[in-house]
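Notes follow once the structure below has been shown.
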Amino acid sequence: MPDYKYLIIGGGMTADAAVAGIRQADPYGSIGLIGAEIHPPYSRPPLSKGLWKGKPFEKIFRTASREGVDKHLGVRAVSLDPQAKRVVDDRGQVYTYEKLLLATGGTPRRLPFGGDDILYYRTLDDYEYLRRAAEQGDRFAVIGGGFIGSEIAAVLRQKDQPVTMLFPEEGICARLFPADLVEFLNEYYRAKGIEVLTGELVSGLEGGGHDLRLQTRSGKQAQAGVIVAGIGILPNTQLAEAAGVAVEDGILVDEHLRTNQPDVYAAGDVANFYNPALGQRLRVEHEDNALTMGRAAGRNMAGDAQPYHHLPMFYSDMFDLGYEAVGELDSGLETYADWQEPFRKGVVYYLKDGRVRGVLLWNVWDQVEAARGLIAGPGPFKHSDLKGRIA
């Protein structure tokens, strides 16, 4: 029966960052890691960014957990007993621990049809499958106009593949960006050769093999040999919930990333935490949060207790456009756009009751800390106060 001072359930970026955090405070304590994938921890963003642009494959693998960690890969934790400090995996192996981290991440949302004919893009295996398909040449349909959908459509088109995007919203990233920027992106993607079908809810799939036909509720069809979906994820909370860990849109944690169960912590995509700058609870599914929160959880587990008050940033690349963003990006909020060049370079501020709630840095770089400072500020801010505020 493996017995660890620190046991981590999850094999992604958060888990690797937690190892780094533990080692900062405890160089020698035993660490076990249980991961559902067969691969050791790797960075996820390159799957829709850097690997398609020539980043060396081996560079995506994380380094903190390479040595000094017992990695149990290709297995899933199926039961947790916080009182006995005991975990059992799907092969019947029992693990005991002193401190436990739940870094279980999320599972892609799935459509109620299509089965394995639809690739729900998230893992390294998904990347390798899609990369082979792109190199062999095919017609691709991408369901979803958010982060994954917009990035995958762009990289496939840059490989000279025919691509159709379809989604129910009025435009690409419509839930995040103001309407005029969304309209620009629709036309920008079309000019790159992508067929963009807005306002289309996919309702069914016909055909088989490489002759697939997506049906939409309005009666349209989209033909493809390969279909990729990026329609969000659901936090993996089943293990925690069955063990009596408090769950509400993720696993609830306090400012030290502790759950309501003794010596059980949570971090990453699955964790729901309070952020003082925004004055609300968040669950963030991006790299910055995975790494900073994982490291903080590791330190806290090892006794170096520090509150997690970090406001995460996120970023994306779309052809020759790119952005970094901080805080609450919600197209329903009041926005003020300070463009240096309309839709090509500038800053979009998201406001509520005179306070800056989020900042979109559109082709503007190295200003994330300035954006965080504005969000933490009490305001009130008028539009005139924000013009030229971030260069």
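Each chain of the structure tokens is named A, B, ... in the order shown, its residues numbered from 1; ligands are numbered from 1 in display order.
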
Next on the checklist: I need the residues in segment 17-237 of chain A that are alpha helix (DSSP H) according to DSSP; give them as a PyMOL selection string.
Outcome noted: chain A and resi 17-25+124-136+147-158+179-191

Next on the checklist: Can you pull out the residues contacting Gln306 of chain A? Cut-off 9 Å, using only C-alpha atoms, and skip same-chain residues under 3 positions away; I want them as a PyMOL selection string.
Outcome noted: chain A and resi 255-256+296-297+299-300

With a cut-off of 10 Å, could you pull out the residues of segment 55-121 of chain A touching segment 17-41 of chain A and give me the nearest pair of atoms for each, distance in Å to one decimal, using only C-alpha atoms, ordered by chain and ascending number, as a Markdown table?
```
| residue | atom | partner | partner_atom | distance |
| --- | --- | --- | --- | --- |
| A:Ile60 | CA | A:Pro41 | CA | 8.8 |
| A:Phe61 | CA | A:Pro41 | CA | 6.1 |
| A:Arg62 | CA | A:Pro41 | CA | 5.6 |
| A:Thr63 | CA | A:Pro41 | CA | 8.3 |
| A:Ala64 | CA | A:Ala20 | CA | 5.4 |
| A:Ser65 | CA | A:Val19 | CA | 6.1 |
| A:Arg66 | CA | A:Pro40 | CA | 8.0 |
| A:Gly68 | CA | A:Ile31 | CA | 7.4 |
| A:Val69 | CA | A:Ile31 | CA | 5.2 |
| A:Asp70 | CA | A:Gly32 | CA | 4.7 |
| A:Lys71 | CA | A:Leu33 | CA | 4.9 |
| A:His72 | CA | A:Ile34 | CA | 4.8 |
| A:Leu73 | CA | A:Gly35 | CA | 4.7 |
| A:Gly74 | CA | A:Ile38 | CA | 4.4 |
| A:Val75 | CA | A:Ala36 | CA | 4.8 |
| A:Arg76 | CA | A:Ala36 | CA | 5.1 |
| A:Ala77 | CA | A:Ile34 | CA | 7.1 |
| A:Asp89 | CA | A:Ile34 | CA | 8.4 |
| A:Asp90 | CA | A:Ala36 | CA | 10.0 |
| A:Tyr95 | CA | A:Gly32 | CA | 8.8 |
| A:Thr96 | CA | A:Gly32 | CA | 9.7 |
| A:Tyr97 | CA | A:Gly32 | CA | 8.8 |
| A:Lys99 | CA | A:Ile31 | CA | 9.7 |
| A:Leu100 | CA | A:Gly32 | CA | 9.6 |
| A:Leu101 | CA | A:Ala18 | CA | 8.4 |
| A:Ala103 | CA | A:Ala18 | CA | 9.1 |
| A:Thr104 | CA | A:Gly35 | CA | 8.6 |
```

Item to check | Atom-to-atom span, atom CA of Ala371 of chain A and atom CA of Arg344 of chain A, Å | outcome: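 Computed distance, atom CA of Ala371 of chain A to atom CA of Arg344 of chain A, equals 18.8 Å.
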
Checklist entry - Tell me, which residues of segment 232-292 of chain A carry DSSP strand (DSSP E or B), written as a ChimeraX atom specification? => result /A:233-235,247,251-252,258,264-266,271-275,280-282

Now that the selection is made, can you save its residues with C-alpha atoms as a PDB file, in the first residue's frame?
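Wrote selection-v2.pdb, looks like this:
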```pdb
ATOM      1  CA  ILE A 233     -15.595  21.673 -19.846  1.00  0.00           C
ATOM      2  CA  LEU A 234     -17.329  20.423 -16.724  1.00  0.00           C
ATOM      3  CA  PRO A 235     -15.253  20.325 -13.514  1.00  0.00           C
ATOM      4  CA  VAL A 247     -18.963  21.401  -4.257  1.00  0.00           C
ATOM      5  CA  ILE A 251     -14.691  22.297  -5.377  1.00  0.00           C
ATOM      6  CA  LEU A 252     -15.081  25.080  -2.823  1.00  0.00           C
ATOM      7  CA  ARG A 258      -8.339  24.009   1.744  1.00  0.00           C
ATOM      8  CA  VAL A 264      -7.728  17.949   1.589  1.00  0.00           C
ATOM      9  CA  TYR A 265      -6.856  20.806  -0.793  1.00  0.00           C
ATOM     10  CA  ALA A 266      -7.992  21.636  -4.330  1.00  0.00           C
ATOM     11  CA  ALA A 271     -11.318  24.754  -7.728  1.00  0.00           C
ATOM     12  CA  ASN A 272     -13.810  27.490  -6.864  1.00  0.00           C
ATOM     13  CA  PHE A 273     -12.013  30.244  -4.940  1.00  0.00           C
ATOM     14  CA  TYR A 274     -12.680  33.769  -3.692  1.00  0.00           C
ATOM     15  CA  ASN A 275     -10.817  36.633  -5.354  1.00  0.00           C
ATOM     16  CA  GLN A 280     -16.486  37.235  -5.847  1.00  0.00           C
ATOM     17  CA  ARG A 281     -15.833  33.543  -6.264  1.00  0.00           C
ATOM     18  CA  LEU A 282     -14.226  32.310  -9.483  1.00  0.00           C
TER      19      LEU A 282
END
```
